[in-house]
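**Q** Structure file data.txt (compact mmCIF, C-alpha atoms) is given on the next line.
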```
# COMPACT_ATOMS: atom_id res chain seq x y z
CA MET A 511 -18.43 0.67 -8.52
CA LEU A 512 -15.40 -1.56 -8.50
CA ASN A 513 -15.81 -4.78 -10.42
CA PRO A 514 -15.85 -7.42 -7.63
CA ASP A 515 -14.26 -9.97 -9.98
CA SER A 516 -11.04 -7.93 -9.80
CA VAL A 517 -10.57 -8.64 -6.06
CA GLY A 518 -7.61 -10.95 -5.55
CA SER A 519 -6.16 -10.11 -8.94
CA THR A 520 -2.70 -8.68 -9.50
CA PHE A 521 -2.16 -6.12 -12.23
CA ALA A 522 1.13 -5.04 -13.74
CA GLY A 523 1.88 -1.36 -14.02
CA THR A 524 2.45 0.11 -17.44
CA GLU A 525 6.24 0.26 -17.61
CA SER A 526 9.39 0.41 -15.53
CA ILE A 527 10.06 3.67 -13.75
CA THR A 528 13.53 5.17 -13.37
CA VAL A 529 13.89 7.20 -10.18
CA SER A 530 15.65 10.52 -10.75
CA GLN A 531 17.76 12.50 -8.29
CA SER A 532 15.65 15.59 -8.93
CA GLU A 533 12.48 13.73 -7.84
CA ILE A 534 14.18 12.66 -4.61
CA ASP A 535 15.55 16.18 -4.08
CA ALA A 536 12.07 17.70 -4.46
CA PHE A 537 10.56 15.24 -1.97
CA CYS A 538 13.39 15.78 0.54
CA ALA A 539 12.99 19.57 0.25
CA VAL A 540 9.36 19.38 1.40
CA VAL A 541 10.23 17.67 4.67
CA GLY A 542 13.60 19.35 5.24
CA GLU A 543 15.65 16.20 4.66
CA THR A 544 19.28 17.08 3.87
CA ASP A 545 20.45 13.54 3.05
CA THR A 546 19.26 13.13 -0.53
CA THR A 547 21.26 9.97 -1.26
CA ILE A 548 18.26 7.83 -0.23
CA ALA A 549 14.57 8.44 -0.89
CA PRO A 550 12.50 9.34 2.20
CA PRO A 551 10.36 6.46 3.53
CA THR A 552 7.12 7.62 1.90
CA PHE A 553 8.68 8.67 -1.43
CA THR A 554 7.35 5.68 -3.34
CA ILE A 555 3.76 6.91 -2.90
CA ARG A 556 4.69 9.14 -5.85
CA ILE A 557 4.94 6.00 -7.95
CA THR A 558 2.30 3.75 -6.42
CA LEU A 559 -0.64 6.19 -6.29
CA THR A 560 -0.13 7.07 -9.94
CA GLN A 561 0.01 3.38 -10.81
CA PHE A 562 -3.10 2.66 -8.71
CA GLU A 563 -5.01 5.40 -10.48
CA GLU A 564 -4.01 4.06 -13.90
CA ILE A 565 -4.90 0.47 -12.97
CA LEU A 566 -8.02 0.92 -10.82
CA THR A 567 -9.74 3.30 -13.23
CA ARG A 568 -9.40 0.90 -16.19
CA PRO A 569 -12.89 0.28 -17.63
CA GLU A 570 -12.87 -3.40 -16.59
CA ILE A 571 -12.14 -2.45 -12.94
CA GLY A 572 -14.16 0.73 -12.74
CA LEU A 573 -13.12 2.61 -9.59
CA ASP A 574 -14.30 6.25 -9.42
CA TRP A 575 -11.09 8.14 -8.64
CA SER A 576 -12.80 11.54 -8.38
CA ARG A 577 -14.46 10.75 -5.03
CA LEU A 578 -11.47 9.03 -3.50
CA VAL A 579 -9.99 9.64 -0.06
CA HIS A 580 -7.01 7.91 1.47
CA GLY A 581 -7.91 5.82 4.53
CA ASP A 582 -4.60 4.41 5.63
CA GLN A 583 -1.14 3.62 4.37
CA LYS A 584 1.63 1.19 5.23
CA PHE A 585 5.13 0.71 3.86
CA GLU A 586 7.57 -2.15 4.28
CA ILE A 587 10.95 -1.15 2.95
CA PHE A 588 13.31 -4.02 2.17
CA THR A 589 15.83 -1.99 0.16
CA PRO A 590 15.95 1.80 0.22
CA VAL A 591 15.18 3.50 -3.08
CA LYS A 592 17.92 5.60 -4.70
CA ALA A 593 18.33 7.70 -7.82
CA GLY A 594 18.87 5.56 -10.90
CA ASP A 595 16.82 2.64 -9.57
CA GLN A 596 14.63 1.07 -12.23
CA LEU A 597 11.44 -0.08 -10.55
CA THR A 598 8.52 -2.11 -11.76
CA CYS A 599 5.19 -1.98 -9.96
CA THR A 600 2.41 -4.49 -9.55
CA ALA A 601 -0.87 -3.82 -7.77
CA THR A 602 -2.98 -6.46 -6.05
CA ILE A 603 -6.55 -5.71 -5.02
CA GLU A 604 -6.56 -7.46 -1.64
CA SER A 605 -10.05 -6.66 -0.40
CA TYR A 606 -13.18 -4.73 -1.23
CA ARG A 607 -16.30 -3.93 0.75
CA VAL A 608 -19.11 -1.42 0.74
CA ALA A 609 -20.07 0.22 4.04
CA ALA A 610 -22.78 2.89 4.30
CA GLY A 611 -22.47 3.39 0.54
CA ASN A 612 -18.72 4.00 0.72
CA GLU A 613 -16.52 1.66 -1.27
CA ILE A 614 -13.45 0.56 0.69
CA VAL A 615 -10.64 -0.96 -1.36
CA SER A 616 -7.35 -2.29 -0.01
CA VAL A 617 -4.57 -2.41 -2.56
CA ARG A 618 -1.02 -3.69 -2.16
CA SER A 619 1.73 -2.56 -4.45
CA ASP A 620 5.04 -4.32 -4.82
CA LEU A 621 7.93 -2.34 -6.23
CA ARG A 622 10.81 -4.44 -7.53
CA LYS A 623 14.34 -3.64 -8.62
CA GLY A 624 14.83 -6.40 -11.17
CA ALA A 625 13.72 -9.58 -9.38
CA GLU A 626 14.31 -8.12 -5.91
CA LEU A 627 11.35 -6.84 -3.88
CA ALA A 628 12.31 -3.32 -2.73
CA VAL A 629 9.12 -1.89 -1.19
CA SER A 630 5.65 -3.24 -0.46
CA ALA A 631 3.02 -0.61 0.19
CA TRP A 632 -0.58 -1.07 1.30
CA SER A 633 -3.18 1.62 0.71
CA THR A 634 -6.77 1.65 1.85
CA LEU A 635 -8.73 3.84 -0.52
CA VAL A 636 -12.27 4.98 0.19
CA VAL A 637 -14.65 6.11 -2.54
CA ARG A 638 -17.17 8.30 -0.74
CA ALA A 639 -20.86 7.72 -1.34
CA MET B 1192 16.90 3.61 25.43
CA GLU B 1193 14.10 1.58 26.97
CA VAL B 1194 10.53 0.55 26.26
CA GLY B 1195 8.12 3.26 27.32
CA ALA B 1196 10.59 6.09 26.81
CA VAL B 1197 9.05 9.17 25.24
CA LEU B 1198 11.05 10.86 22.48
CA ASP B 1199 11.44 14.61 22.08
CA GLU B 1200 8.54 16.43 20.49
CA LYS B 1201 9.04 18.14 17.13
CA VAL B 1202 6.78 20.72 15.50
CA PHE B 1203 6.51 21.31 11.75
CA TYR B 1204 4.51 24.21 10.34
CA LEU B 1205 2.35 23.80 7.24
CA ASP B 1206 1.10 26.54 4.96
CA ARG B 1207 -0.44 26.71 1.50
CA ALA B 1208 3.00 27.06 -0.10
CA LEU B 1209 4.13 23.78 1.47
CA LEU B 1210 0.98 22.05 0.19
CA LYS B 1211 1.74 23.29 -3.34
CA GLN B 1212 5.35 22.16 -2.97
CA TYR B 1213 4.20 18.70 -1.82
CA ALA B 1214 1.67 18.49 -4.66
CA ASP B 1215 4.49 19.03 -7.15
CA ALA B 1216 6.89 16.67 -5.38
CA SER B 1217 4.33 13.87 -5.03
CA GLY B 1218 2.33 14.35 -8.21
CA ASP B 1219 -0.93 14.57 -6.20
CA GLN B 1220 -2.57 17.69 -7.62
CA ASN B 1221 -6.02 17.05 -6.12
CA PRO B 1222 -7.57 20.55 -5.83
CA ILE B 1223 -8.83 19.91 -2.26
CA HIS B 1224 -5.21 20.57 -1.23
CA GLN B 1225 -4.85 23.87 -3.10
CA ASN B 1226 -8.19 25.45 -4.00
CA GLU B 1227 -10.39 26.68 -1.15
CA GLU B 1228 -13.49 27.16 -3.29
CA PHE B 1229 -13.22 23.60 -4.57
CA ALA B 1230 -12.50 22.17 -1.11
CA VAL B 1231 -15.59 23.86 0.35
CA SER B 1232 -17.70 22.72 -2.63
CA VAL B 1233 -17.01 19.08 -1.75
CA GLY B 1234 -17.94 19.58 1.91
CA LEU B 1235 -14.57 20.27 3.51
CA PRO B 1236 -14.14 23.13 6.01
CA ASN B 1237 -11.20 24.58 4.03
CA VAL B 1238 -8.13 23.44 2.11
CA ILE B 1239 -6.67 20.36 3.80
CA ALA B 1240 -3.15 18.99 3.71
CA HIS B 1241 -2.48 15.76 1.85
CA GLY B 1242 -2.60 12.92 4.36
CA MET B 1243 0.60 11.73 2.75
CA LEU B 1244 2.24 15.11 3.43
CA THR B 1245 1.48 14.63 7.13
CA MET B 1246 2.87 11.12 6.85
CA ALA B 1247 5.97 12.41 5.01
CA LEU B 1248 6.69 14.92 7.78
CA VAL B 1249 6.23 12.29 10.49
CA GLY B 1250 8.47 10.09 8.32
CA LYS B 1251 11.20 12.71 8.60
CA TYR B 1252 10.84 12.53 12.40
CA VAL B 1253 11.19 8.73 12.18
CA SER B 1254 14.22 8.98 9.85
CA ASP B 1255 15.92 11.42 12.22
CA PHE B 1256 15.40 9.05 15.16
CA ALA B 1257 16.67 6.12 13.08
CA GLY B 1258 19.82 7.89 11.92
CA GLY B 1259 18.62 8.11 8.33
CA ALA B 1260 15.92 6.92 5.95
CA ALA B 1261 17.95 3.79 5.16
CA ASN B 1262 17.11 2.48 8.64
CA VAL B 1263 13.33 2.83 8.34
CA LEU B 1264 11.95 -0.68 7.80
CA GLU B 1265 8.19 -0.28 8.32
CA TYR B 1266 5.93 2.71 8.65
CA SER B 1267 2.14 2.89 8.77
CA ALA B 1268 -0.67 5.25 9.73
CA ARG B 1269 -4.39 5.80 9.45
CA PHE B 1270 -5.70 9.20 8.35
CA ILE B 1271 -8.34 10.01 10.96
CA LYS B 1272 -8.71 13.81 10.73
CA PRO B 1273 -7.53 16.31 8.14
CA VAL B 1274 -4.92 19.00 8.81
CA ILE B 1275 -6.81 22.17 7.91
CA VAL B 1276 -4.68 24.87 6.28
CA PRO B 1277 -6.43 28.28 5.97
CA ALA B 1278 -4.96 30.88 3.58
CA GLY B 1279 -2.23 33.03 5.10
CA GLU B 1280 -1.80 30.82 8.16
CA LYS B 1281 0.83 28.44 9.38
CA VAL B 1282 -0.67 25.47 11.21
CA ASP B 1283 1.25 23.15 13.45
CA LEU B 1284 1.93 19.48 13.09
CA THR B 1285 3.17 18.35 16.48
CA ILE B 1286 4.88 14.98 16.59
CA SER B 1287 6.04 12.77 19.41
CA ALA B 1288 6.74 9.09 19.87
CA THR B 1289 7.05 6.35 22.46
CA ILE B 1290 9.34 3.35 22.21
CA ALA B 1291 6.93 0.43 22.06
CA GLU B 1292 9.28 -2.53 21.61
CA ILE B 1293 12.96 -3.34 21.28
CA ASP B 1294 13.85 -6.61 19.52
CA GLY B 1295 17.58 -6.97 18.84
CA ASP B 1296 18.47 -4.04 16.59
CA LYS B 1297 14.82 -3.35 15.70
CA VAL B 1298 12.98 -0.62 17.56
CA SER B 1299 9.22 -0.10 17.24
CA LEU B 1300 7.78 3.35 17.76
CA THR B 1301 4.22 4.40 18.49
CA LEU B 1302 3.81 7.81 16.88
CA SER B 1303 1.55 10.71 17.79
CA ALA B 1304 0.66 13.54 15.39
CA THR B 1305 -1.69 16.40 16.22
CA SER B 1306 -2.64 19.69 14.56
CA ALA B 1307 -4.37 22.48 16.49
CA GLY B 1308 -4.68 19.97 19.33
CA VAL B 1309 -6.55 17.40 17.22
CA LYS B 1310 -5.12 13.95 16.61
CA VAL B 1311 -4.70 13.58 12.84
CA LEU B 1312 -3.03 10.16 12.52
CA GLY B 1313 -4.28 6.99 14.14
CA MET B 1314 -2.46 3.70 14.68
CA ALA B 1315 0.77 5.37 13.56
CA LYS B 1316 3.73 3.06 13.97
CA ALA B 1317 7.24 2.59 12.65
CA VAL B 1318 9.92 -0.06 12.93
CA VAL B 1319 13.50 1.09 12.52
CA ARG B 1320 16.95 -0.46 12.71
CA LYS B 1321 19.02 1.24 15.38
```
Hey, can you dump this file as C-alpha cells for me?

**A**
Amino acid sequence: MLNPDSVGSTFAGTESITVSQSEIDAFCAVVGETDTTIAPPTFTIRITLTQFEEILTRPEIGLDWSRLVHGDQKFEIFTPVKAGDQLTCTATIESYRVAAGNEIVSVRSDLRKGAELAVSAWSTLVVRA
Amino acid sequence: MEVGAVLDEKVFYLDRALLKQYADASGDQNPIHQNEEFAVSVGLPNVIAHGMLTMALVGKYVSDFAGGAANVLEYSARFIKPVIVPAGEKVDLTISATIAEIDGDKVSLTLSATSAGVKVLGMAKAVVRK
C-alpha cells in the first residue's frame, strides 16, 4: 500500500537525463515518424515511467509496481524535446484513493531543461487488488 | 477547417514484433506485452499492446495533422480496453478525429481509436498549433 503521508509531496528524480538521438530514432521508428529532429509527443514517457517506478517503489512510499496498470495519461508540452537536451524530473503524488481494493494514484511529473519547464505529464496508475 | 469536421481515418497494424520494438524503445519490458503464458497467468485473454504504444501511434496521427510533433501542445487519453495481439496476427488500430474547437491558432481534436471494432481509448483529446 502507498504511504498516504506521501500524497502532496514532490520527489526529485535521481539525476539529470541526457536525451540521445538514438533514443528518439528508436521511438520514431515504432510509429513511422520520419522527422527525428524532435521527439514524438509521448516520448518522455520513457523517462517519466522509469522515474516513477524508482520513486514510488522506495520503501518509505511503498507502491507495488508488479500489479500496476496504466489508467490514463496526459501531456502538456511547452518546449519540444530534442537530442542533447539535459532534463531533470520531479514527481508529485497528486492524489491517492482506494476503490474496490484497487489503489489509484495520480502522479504528475515535471521535466525541466535547466530552469525552464519543458513537459508536464500526468499519469493515473492503478495497482490491482 | 471548421468545428465538427471529421478528419481522414488512418489504420495502423500491430503485431508481436511491433510490441517488442516498442518495449525496447520505451524501456517498458512488462512481460504482459510479450509473453503469452505470462499474460494469461495474470488473467489477460492474450498478449496486449502497451497502452502507451496505442497512444504513441495516435500521437503520430496527431503530429501528422499538426504538421509535426513540434506543434503538439497537449495530448491525453484514458486506457479503457486493451489492444489484444495474438501470435502471428496483425491487429488494426483505427484512428479518426473530429475538430472540437478552434481558438486562434490552437485547434482541439477529439480522437477516436478502435481495435477489432472495440473502442480502446476514452476521453482522447489533443490540442495543436496550426

**Q** Could you list, as a list in words, every residue within 7 Å of stretch 635-639 of chain A, counting all atoms listed in the file and ignoring same-chain residues fewer than 5 positions away?

**A**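 Counting only the stated atoms, we get Asp574, Arg577, Leu578, Val579, His580, Gly581, Gly611, Asn612, Glu613, Ile614, Val615 and Ser616 of chain A.
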
**Q** Distance atom CA of A:Ala522-atom CA of A:Ile565, one decimal place?

**A**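 Taking atom CA of A:Ala522 as the start and atom CA of A:Ile565 as the end point, the length is 8.2 Å.
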
**Q** Using only C-alpha atoms, find each residue in stretch 597-625 of chain A having at least one atom no more than 12 Å away from stretch 529-547 of chain A; report its shortest atom-to-atom pair and that distance in Å (one decimal), rows by chain then rising number, as a tab-separated table.

**A**
```
residue	atom	partner	partner_atom	distance
A:Leu597	CA	A:Val529	CA	7.7
A:Thr598	CA	A:Val529	CA	10.9
A:Leu621	CA	A:Val529	CA	11.9
A:Lys623	CA	A:Val529	CA	11.0
```

**Q** Pick from A:Gly523, A:Pro550, A:Gly594, A:Gly518: nearest to chain B, with only C-alpha atoms counted?

**A** A:Pro550

**Q** Check every residue of chain B for an atom within 10 Å of chain A, counting only C-alpha atoms, and provide those that qualify as an MDAnalysis selection string.

**A** chainID B and resid 1203 1209:1219 1221 1233 1241:1255 1259:1271 1312:1318

**Q** Would you write out those residues with C-alpha atoms, as an mmCIF file, keeping the file's coordinate frame?

**A**
```cif
data_model
loop_
_atom_site.group_PDB
_atom_site.id
_atom_site.type_symbol
_atom_site.label_atom_id
_atom_site.label_comp_id
_atom_site.auth_asym_id
_atom_site.auth_seq_id
_atom_site.Cartn_x
_atom_site.Cartn_y
_atom_site.Cartn_z
ATOM 1 C CA PHE B 1203 6.510 21.310 11.750
ATOM 2 C CA LEU B 1209 4.130 23.780 1.470
ATOM 3 C CA LEU B 1210 0.980 22.050 0.190
ATOM 4 C CA LYS B 1211 1.740 23.290 -3.340
ATOM 5 C CA GLN B 1212 5.350 22.160 -2.970
ATOM 6 C CA TYR B 1213 4.200 18.700 -1.820
ATOM 7 C CA ALA B 1214 1.670 18.490 -4.660
ATOM 8 C CA ASP B 1215 4.490 19.030 -7.150
ATOM 9 C CA ALA B 1216 6.890 16.670 -5.380
ATOM 10 C CA SER B 1217 4.330 13.870 -5.030
ATOM 11 C CA GLY B 1218 2.330 14.350 -8.210
ATOM 12 C CA ASP B 1219 -0.930 14.570 -6.200
ATOM 13 C CA ASN B 1221 -6.020 17.050 -6.120
ATOM 14 C CA VAL B 1233 -17.010 19.080 -1.750
ATOM 15 C CA HIS B 1241 -2.480 15.760 1.850
ATOM 16 C CA GLY B 1242 -2.600 12.920 4.360
ATOM 17 C CA MET B 1243 0.600 11.730 2.750
ATOM 18 C CA LEU B 1244 2.240 15.110 3.430
ATOM 19 C CA THR B 1245 1.480 14.630 7.130
ATOM 20 C CA MET B 1246 2.870 11.120 6.850
ATOM 21 C CA ALA B 1247 5.970 12.410 5.010
ATOM 22 C CA LEU B 1248 6.690 14.920 7.780
ATOM 23 C CA VAL B 1249 6.230 12.290 10.490
ATOM 24 C CA GLY B 1250 8.470 10.090 8.320
ATOM 25 C CA LYS B 1251 11.200 12.710 8.600
ATOM 26 C CA TYR B 1252 10.840 12.530 12.400
ATOM 27 C CA VAL B 1253 11.190 8.730 12.180
ATOM 28 C CA SER B 1254 14.220 8.980 9.850
ATOM 29 C CA ASP B 1255 15.920 11.420 12.220
ATOM 30 C CA GLY B 1259 18.620 8.110 8.330
ATOM 31 C CA ALA B 1260 15.920 6.920 5.950
ATOM 32 C CA ALA B 1261 17.950 3.790 5.160
ATOM 33 C CA ASN B 1262 17.110 2.480 8.640
ATOM 34 C CA VAL B 1263 13.330 2.830 8.340
ATOM 35 C CA LEU B 1264 11.950 -0.680 7.800
ATOM 36 C CA GLU B 1265 8.190 -0.280 8.320
ATOM 37 C CA TYR B 1266 5.930 2.710 8.650
ATOM 38 C CA SER B 1267 2.140 2.890 8.770
ATOM 39 C CA ALA B 1268 -0.670 5.250 9.730
ATOM 40 C CA ARG B 1269 -4.390 5.800 9.450
ATOM 41 C CA PHE B 1270 -5.700 9.200 8.350
ATOM 42 C CA ILE B 1271 -8.340 10.010 10.960
ATOM 43 C CA LEU B 1312 -3.030 10.160 12.520
ATOM 44 C CA GLY B 1313 -4.280 6.990 14.140
ATOM 45 C CA MET B 1314 -2.460 3.700 14.680
ATOM 46 C CA ALA B 1315 0.770 5.370 13.560
ATOM 47 C CA LYS B 1316 3.730 3.060 13.970
ATOM 48 C CA ALA B 1317 7.240 2.590 12.650
ATOM 49 C CA VAL B 1318 9.920 -0.060 12.930
#
```

**Q** Draw an axis-aligned box over all listed atoms of stretch 1289-1297 of chain B, pad each side with 4 Å, and write its centre and edge lengths in Å, one decimal, as AutoDock Vina command-line options.

**A**
```
--center_x 12.7 --center_y -0.3 --center_z 19.1 --size_x 19.5 --size_y 21.3 --size_z 14.8
```

**Q** Which one is closest to A:Glu626: A:Gln561, A:Gln596, A:Thr528, A:Thr602? Count only C-alpha atoms.

**A**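 The answer is A:Gln596, which sits nearest to A:Glu626.
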
**Q** At what distance in Å, to one decimal, does atom CA of B:Gly1295 lie from atom CA of B:Val1194?

**A** 12.7 Å

**Q** Using atom CA of B:Val1202 and atom CA of B:Pro1236 as the two end points, give the distance in Å to one decimal.

**A**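 Distance reported for this atom pair: 23.1 Å.
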
**Q** Do you know which residues are at most 9 Å from B:Leu1205 counting only C-alpha atoms, after dropping those on the same chain fewer than 2 positions away, and could you put them as a list of chain:residue names?

**A** B:Phe1203, B:Arg1207, B:Ala1208, B:Leu1209, B:Leu1210, B:Ala1240, B:Val1274, B:Val1276, B:Glu1280, B:Lys1281, B:Val1282, B:Asp1283, B:Leu1284

**Q** Could you list, as a VMD selection string, every residue within 7 Å of B:Ile1275, counting all atoms listed in the file and ignoring same-chain residues fewer than 5 positions away?

**A** chain B and resid 1237 to 1240

**Q** Find the residue from B:Ile1223, B:Val1319, B:Val1197, B:Ala1304 that sits nearest to B:Ala1257; use all atoms listed in the file when measuring.

**A**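 Among B:Ile1223, B:Val1319, B:Val1197, B:Ala1304, it is B:Val1319 that comes nearest to B:Ala1257.
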